[in-house]
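Enquirer: Would you mind keeping the following structure in view while I ask a few things?
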Amino acid sequence: MARPVQYNTNNKPIEAPIALAKGPEGFAGEGFFATKLNDVVGLARKNSIWPLPFATSCCGIEFMALMASHYDLARFGSERVSFSPRQCDLLMVMGTIAKKMAPIVKQVYLQMAEPRWVLAMGACASSGGIFDSYAVLQGIDQIIPVDVYVPGCPPRPEAVLDGFMKVQDLVGKESLRRRNSERYKDLMNSYGIE
Ligand code: SF4
């Protein structure tokens with residue numbers, strides 16, 4: 001007997017061939033390939049980012065769509081969502097952060113090992129959004145440094161993917177020395193982080 005509802009009955013052709021991640025630039029010869037350590041480490045890091053979702057409200061629902069099969073963040077090597085700050089690379093803050101919760105967000109950030117990155121998803125995490133009130137933090141960059149902001153209320157999963165790919169760009173191009181530089185230390189000190 002036919003099923004009352006039929007779906008996925010049409011085979012969709014693959015629009016583009018599946019491609020491997022592009023390798024770094026370098027010199028290739030017979031049996032050898034030479035490149036910069038920086039580029040190799042960047043390539044490995046950018047394709048294996050482990051995110052920590054810090055979701056407090058509606059943007060978190062959009063994140064669930066991002067992880068589900070249609071948008072599938074796993075395609076970027078990020079299927080392993082970490083709920084332990086010590087085993088993740090990217091803090092994704094999504095939702096309204098009340099001032100009462102700000103110290104918790106900061107504590108999670110501090111428990112992450114370097115190198116760590118931060119993505120602010122949606123208007124609330126980026127700027128307080130529509131909640132211009134005494135109780136709501138007007139952007140998480142008041143307490144921790146943010147690498148990428150994704151606008152929208154809520155941002156669509158495509159927008160979050162775009163933000164995620166911008167993080168990948170930053171990760172891939174980051175110098176191995178950046179975290180030891182005076183400039184980075186100054187940035188951390190400006191947030192009261194040693
Ligand atoms: S940005 Fe909009 S959708 Fe996201 S948490 Fe704030 S109110 Fe909700």
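Every chain in the structure tokens has a letter given in the order shown (A, B, ...), and although residue numbers restart at 1 in each chain, ligands are simply numbered from 1 in the order shown.
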Within 9 Å of ligand 1, counting only C-alpha atoms and all ligand atoms: which residues, as a PyMOL selection string?

Expert: chain A and resi 55-62+94-97+121-131+151-155

Enquirer: Keeping only N, CA and C atoms, take the residues you just selected and write them out as an mmCIF file, in the first residue's frame.

Expert:
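So again.cif came out as:
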data_model
loop_
_atom_site.group_PDB
_atom_site.id
_atom_site.type_symbol
_atom_site.label_atom_id
_atom_site.label_comp_id
_atom_site.auth_asym_id
_atom_site.auth_seq_id
_atom_site.Cartn_x
_atom_site.Cartn_y
_atom_site.Cartn_z
ATOM 1 N N ALA A 55 23.497 28.906 24.002
ATOM 2 C CA ALA A 55 22.207 29.378 23.502
ATOM 3 C C ALA A 55 21.282 29.709 24.652
ATOM 4 N N THR A 56 20.723 30.908 24.622
ATOM 5 C CA THR A 56 19.824 31.291 25.709
ATOM 6 C C THR A 56 18.397 31.505 25.227
ATOM 7 N N SER A 57 18.207 31.767 23.950
ATOM 8 C CA SER A 57 16.818 31.992 23.511
ATOM 9 C C SER A 57 16.630 31.654 22.033
ATOM 10 N N CYS A 58 15.757 32.405 21.363
ATOM 11 C CA CYS A 58 15.271 31.960 20.045
ATOM 12 C C CYS A 58 16.365 31.668 19.027
ATOM 13 N N CYS A 59 17.471 32.403 19.040
ATOM 14 C CA CYS A 59 18.534 32.129 18.068
ATOM 15 C C CYS A 59 19.043 30.693 18.202
ATOM 16 N N GLY A 60 18.904 30.131 19.391
ATOM 17 C CA GLY A 60 19.324 28.747 19.604
ATOM 18 C C GLY A 60 18.527 27.777 18.743
ATOM 19 N N ILE A 61 17.275 28.121 18.480
ATOM 20 C CA ILE A 61 16.437 27.257 17.637
ATOM 21 C C ILE A 61 16.990 27.262 16.209
ATOM 22 N N GLU A 62 17.430 28.451 15.794
ATOM 23 C CA GLU A 62 18.008 28.556 14.443
ATOM 24 C C GLU A 62 19.295 27.733 14.363
ATOM 25 N N MET A 94 24.480 32.744 21.256
ATOM 26 C CA MET A 94 23.249 32.988 20.511
ATOM 27 C C MET A 94 22.126 33.251 21.494
ATOM 28 N N GLY A 95 21.560 34.449 21.388
ATOM 29 C CA GLY A 95 20.435 34.757 22.266
ATOM 30 C C GLY A 95 20.722 35.956 23.149
ATOM 31 N N THR A 96 19.704 36.331 23.890
ATOM 32 C CA THR A 96 19.801 37.478 24.781
ATOM 33 C C THR A 96 20.676 37.116 25.976
ATOM 34 N N ILE A 97 21.648 37.946 26.267
ATOM 35 C CA ILE A 97 22.490 37.703 27.440
ATOM 36 C C ILE A 97 22.156 38.761 28.489
ATOM 37 N N MET A 121 26.017 35.452 17.448
ATOM 38 C CA MET A 121 24.952 35.149 16.486
ATOM 39 C C MET A 121 23.680 35.918 16.838
ATOM 40 N N GLY A 122 23.261 36.752 15.899
ATOM 41 C CA GLY A 122 21.997 37.463 16.073
ATOM 42 C C GLY A 122 22.157 38.819 16.737
ATOM 43 N N ALA A 123 21.092 39.613 16.630
ATOM 44 C CA ALA A 123 21.121 40.982 17.133
ATOM 45 C C ALA A 123 21.347 41.035 18.640
ATOM 46 N N CYS A 124 20.741 40.099 19.382
ATOM 47 C CA CYS A 124 20.851 40.154 20.845
ATOM 48 C C CYS A 124 22.282 39.963 21.308
ATOM 49 N N ALA A 125 22.934 38.918 20.810
ATOM 50 C CA ALA A 125 24.319 38.669 21.238
ATOM 51 C C ALA A 125 25.245 39.769 20.734
ATOM 52 N N SER A 126 24.936 40.329 19.558
ATOM 53 C CA SER A 126 25.820 41.338 18.974
ATOM 54 C C SER A 126 25.647 42.714 19.615
ATOM 55 N N SER A 127 24.393 43.049 19.964
ATOM 56 C CA SER A 127 24.175 44.437 20.410
ATOM 57 C C SER A 127 23.054 44.594 21.434
ATOM 58 N N GLY A 128 22.522 43.527 21.941
ATOM 59 C CA GLY A 128 21.372 43.623 22.844
ATOM 60 C C GLY A 128 20.059 43.543 22.085
ATOM 61 N N GLY A 129 20.109 43.762 20.772
ATOM 62 C CA GLY A 129 18.908 43.652 19.935
ATOM 63 C C GLY A 129 17.809 44.602 20.366
ATOM 64 N N ILE A 130 16.603 44.088 20.357
ATOM 65 C CA ILE A 130 15.462 44.947 20.709
ATOM 66 C C ILE A 130 15.380 45.196 22.209
ATOM 67 N N PHE A 131 16.196 44.496 22.976
ATOM 68 C CA PHE A 131 16.081 44.602 24.442
ATOM 69 C C PHE A 131 17.018 45.681 24.978
ATOM 70 N N PRO A 151 24.485 39.307 11.769
ATOM 71 C CA PRO A 151 23.290 40.119 12.017
ATOM 72 C C PRO A 151 22.008 39.332 11.752
ATOM 73 N N GLY A 152 20.913 39.866 12.266
ATOM 74 C CA GLY A 152 19.609 39.239 12.005
ATOM 75 C C GLY A 152 18.883 38.923 13.301
ATOM 76 N N CYS A 153 17.562 38.811 13.189
ATOM 77 C CA CYS A 153 16.755 38.538 14.382
ATOM 78 C C CYS A 153 15.598 37.631 14.012
ATOM 79 N N PRO A 154 15.780 36.336 13.973
ATOM 80 C CA PRO A 154 17.069 35.651 14.074
ATOM 81 C C PRO A 154 17.745 35.601 12.711
ATOM 82 N N PRO A 155 19.064 35.401 12.680
ATOM 83 C CA PRO A 155 19.702 35.183 11.378
ATOM 84 C C PRO A 155 19.277 33.839 10.826
#

Enquirer: So that I can see what lies close to region 106-118 of chain A, please list as an MDAnalysis selection string the residues with an atom at most 8 Å from it, counting only C-alpha atoms and leaving out residues fewer than 3 positions away in the same chain.

Expert: chainID A and resid 85:93 102:103 143:148 167 179

Enquirer: For each of A:Ala120, A:Lys173, A:Ser84, A:Gly139, take the minimum atom-to-atom distance to Pro24 (chain A), counting only C-alpha atoms, then give the residue where this is smallest.

Expert: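 Of the candidates, the smallest distance to Pro24 (chain A) is held by A:Lys173.
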
Enquirer: When distances are computed from only C-alpha atoms, which of A:Ile193, A:Ala98, A:Ile18, A:Ala34 shows the smallest separation from Val136 (chain A)?

Expert: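 So, comparing all the options, the nearest one is A:Ala98.
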
Enquirer: Between CA of Met165 (chain A) and CA of Asn47 (chain A), what distance in Å does the model show, to one decimal?

Expert: 10.0 Å

Enquirer: Can you tell me, as a PyMOL selection string, what residues are no more than 8 Å from region 63-71 of chain A when counting only C-alpha atoms, ignoring any on the same chain fewer than 6 positions away?

Expert: chain A and resi 79+157-158+160-161

Enquirer: So how far away is CA of Asp169 (chain A) from CA of Pro17 (chain A), in Å?

Expert: 22.2 Å

Enquirer: Would you compute the distance between CA of Asp162 (chain A) and CA of Lys22 (chain A)? Give it in Å to one decimal.

Expert: 18.1 Å

Enquirer: Enumerate as a PyMOL selection string all residues of region 81-172 of chain A assigned to alpha helix (DSSP H) by DSSP on the backbone, naming them with the chain letters and numbers the document uses.

Expert: chain A and resi 102-111+122-127+157-172

Enquirer: With C-alpha atoms kept, could you save the residues just selected as an mmCIF file, in the first residue's frame?

Expert:
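So the final result, stored in again-v1.cif, reads:
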data_model
loop_
_atom_site.group_PDB
_atom_site.id
_atom_site.type_symbol
_atom_site.label_atom_id
_atom_site.label_comp_id
_atom_site.auth_asym_id
_atom_site.auth_seq_id
_atom_site.Cartn_x
_atom_site.Cartn_y
_atom_site.Cartn_z
ATOM 1 C CA ALA A 102 27.490 37.923 31.645
ATOM 2 C CA PRO A 103 29.961 36.534 34.231
ATOM 3 C CA ILE A 104 28.971 32.997 33.194
ATOM 4 C CA VAL A 105 29.664 33.715 29.503
ATOM 5 C CA LYS A 106 33.019 35.162 30.506
ATOM 6 C CA GLN A 107 33.810 32.155 32.684
ATOM 7 C CA VAL A 108 33.068 29.795 29.801
ATOM 8 C CA TYR A 109 35.361 31.864 27.566
ATOM 9 C CA LEU A 110 38.122 31.779 30.174
ATOM 10 C CA GLN A 111 37.860 28.000 30.474
ATOM 11 C CA GLY A 122 21.997 37.463 16.073
ATOM 12 C CA ALA A 123 21.121 40.982 17.133
ATOM 13 C CA CYS A 124 20.851 40.154 20.845
ATOM 14 C CA ALA A 125 24.319 38.669 21.238
ATOM 15 C CA SER A 126 25.820 41.338 18.974
ATOM 16 C CA SER A 127 24.175 44.437 20.410
ATOM 17 C CA PRO A 157 20.988 29.355 8.984
ATOM 18 C CA GLU A 158 22.578 30.514 5.691
ATOM 19 C CA ALA A 159 23.728 33.698 7.434
ATOM 20 C CA VAL A 160 25.198 31.684 10.297
ATOM 21 C CA LEU A 161 26.976 29.445 7.788
ATOM 22 C CA ASP A 162 28.385 32.568 6.158
ATOM 23 C CA GLY A 163 29.579 33.819 9.569
ATOM 24 C CA PHE A 164 31.061 30.411 10.286
ATOM 25 C CA MET A 165 32.959 30.479 6.988
ATOM 26 C CA LYS A 166 34.310 33.915 7.929
ATOM 27 C CA VAL A 167 35.574 32.384 11.171
ATOM 28 C CA GLN A 168 37.185 29.624 9.101
ATOM 29 C CA ASP A 169 38.912 32.291 7.018
ATOM 30 C CA LEU A 170 40.284 33.960 10.134
ATOM 31 C CA VAL A 171 41.394 30.638 11.596
ATOM 32 C CA GLY A 172 43.099 29.548 8.375
#

Enquirer: From the list A:Asp186, A:Asp132, A:Glu174, A:Asp72, which residue is nearest Arg45 (chain A) when using only C-alpha atoms?

Expert: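 Smallest separation from Arg45 (chain A) among the options: A:Glu174.
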
Enquirer: Write out as a count of residues only all residues of chain A that backbone DSSP assigns to strand (DSSP E).

Expert: 24

Enquirer: My list of candidates is A:Ala135, A:Tyr149, A:Leu119, A:Ser78. Which is closest to Met101 (chain A) when distances are computed with only C-alpha atoms?

Expert: A:Ala135

Enquirer: Between A:Val150, A:Ala16, A:Leu137, A:Leu176, single out the one closest to Asn38 (chain A), counting only C-alpha atoms.

Expert: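 The shortest atom-to-atom distance to Asn38 (chain A) comes from A:Leu176.
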